[in-house]
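What follows is a single structure, written as C-alpha cells, with notes after it.
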Amino acid sequence: MEPVVSAITLGVRDVARSRRFYVDGLGWRPLAEQEGEILFLQSAHGQILALWDVASMRGEYGDVGHHEQGPAVPVSLGRNVGSPEEVDRLLAEGVAAGAALVSGGRHQSWGGYSGCFADPDGFRWDIVFNPAFSVDDGGNVSLGMPSP
C-alpha cells in the first residue's frame with residue numbers, strides 16, 4: 001500500500017460547533033456536509049479533514065468516544081510553517097476562533113519553534129517552524145535528518 005493519507009476523520013461532539021471553528025473561525029473551505037452528521041473540509045492538496053459526529057462513528061469504527069475525565073487522545077495534527085512569527089500568528093488565529101491554547105510558541109531543543117492549541121473537541125494542533133523541514137517539487141519531505 002502506498003503511504004498516502006487522503007482523509008483524516010475526527011470524531012466531534014457537535015458538528016455545527018466544529019463548523020463554526022474550522023470554517024467561520026479559521027476560514028477552511030467546506031466541500032460537503034450532512035448537517036449535524038458530517039462535514040468535509042479541504043485540508044491539503046488531495047486531502048480532506050472529515051468532522052464526523054462521534055456517536056455516528058461507532059457504526060463503522062466500533063467503540064470510539066471521548067473520555068471526559070481523562071487526558072487528551074494521544075494524537076496531534078500538525079502544520080509546518082515558514083517562520084516563528086507564523087507559528088505565533090496561527091496560534092493566535094486558532095485561539096481567536098475558539099481554540100484553547102495548550103502551549104505558546106517557544107524555541108525547542110531540536111532547533112525549531114512550535115506551539116499547540118486544542119480545537120473545541122480537544123484535538124491538538126501542533127504549529128511548527130522546523131528550519132530543517134522542506135518539500136521538493138515532487139512533494140517529497142525532507143526533515144534534515146539521516147534516512148533510516
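Identifiers for the C-alpha cells are assigned positionally: chains receive A, B, ... in sequence, residues are indexed from 1 per chain, and ligands are indexed from 1 in the order shown.
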
Tell me which protein, DNA and RNA residues are within 8 Å of stretch 3-14 of chain A, counting only C-alpha atoms, leaving out same-chain ones fewer than 5 positions away, and put them as a list in words.
-> Gly36, Gly46, Gln47, Ile48, Leu49, Ala50, Leu51, Trp52, Asp53, Val54, Ala55, Met57, Gly65 and Asp121 of chain A

Spatial neighbours of A:Arg106, 9 Å, only C-alpha atoms, chain gap at least 4 places, as a CSV table (one decimal) with N, CA and C atoms, in the first residue's frame:
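Result file part_28.csv:
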```
chain,number,residue,atom,x,y,z
A,84,PRO,N,8.9,31.4,12.9
A,84,PRO,CA,8.4,31.5,14.2
A,84,PRO,C,7.2,32.5,14.3
A,112,GLY,N,13.9,24.1,16.4
A,112,GLY,CA,12.7,24.8,15.8
A,112,GLY,C,12.0,25.6,16.8
A,113,TYR,N,10.8,25.9,16.4
A,113,TYR,CA,9.9,26.8,17.3
A,113,TYR,C,8.5,26.2,17.1
A,114,SER,N,7.8,26.0,18.1
A,114,SER,CA,6.4,25.5,18.0
A,114,SER,C,5.5,25.8,19.2
A,115,GLY,N,4.2,25.6,19.0
A,115,GLY,CA,3.2,25.8,20.0
A,115,GLY,C,2.0,24.9,19.6
```

DSSP on the backbone: what in chain A comes out strand (DSSP E), as an MDAnalysis selection string?
-> chainID A and resid 7:12 30:34 38:44 47:53 76:80 100:107 113:118 124:129 134:135 141:142

Counting only C-alpha atoms, the residue among A:Asp63, A:Glu2, A:Asp24, A:Glu35 that lies closest to A:Ala97 is A:Asp24

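Closest approach to A:Arg124 among A:Ala100, A:Ala16, A:Val87, A:Leu41 is made by A:Ala100 (distances from only C-alpha atoms).
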
Can you build me a table of stretch 37-122 of chain A residues sitting at most 12 Å from stretch 135-144 of chain A, with the closest atom pair per residue and its distance in Å to one decimal, using only C-alpha atoms, sorted by chain and residue number, as a tab-separated table?
```
residue	atom	partner	partner_atom	distance
A:Ala44	CA	A:Gly139	CA	11.8
A:His45	CA	A:Gly139	CA	10.0
A:Gly46	CA	A:Gly139	CA	11.6
A:Asn80	CA	A:Val135	CA	10.6
A:Val81	CA	A:Val135	CA	11.5
A:Gly82	CA	A:Val135	CA	11.7
A:Trp110	CA	A:Gly144	CA	11.3
A:Gly111	CA	A:Gly144	CA	11.3
A:Gly112	CA	A:Leu143	CA	11.6
```

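For the residues A:Trp28, A:Tyr22, A:Phe40, A:Phe133, ranking by smallest atom-to-atom distance to A:Ala99 using only C-alpha atoms places A:Tyr22 first.
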
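Taking the backbone of this structure through DSSP, the residues of chain A that come out as alpha helix (DSSP H) are Val15, Ala16, Arg17, Ser18, Arg19, Val54, Ala55, Ser56, Met57, Arg58, Gly59, Glu60, Tyr61, Pro84, Glu85, Glu86, Val87, Asp88, Arg89, Leu90, Leu91, Ala92, Glu93, Gly94, Val95, Ala96 and Ala97 of chain A.
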
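Counting only C-alpha atoms and comparing A:Arg79, A:Arg29, A:His107, A:His66, the residue that lies closest to A:Gln42 is A:Arg29.
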
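Atom CA of A:Arg17 lies 11.7 Å from atom CA of A:Ile38.
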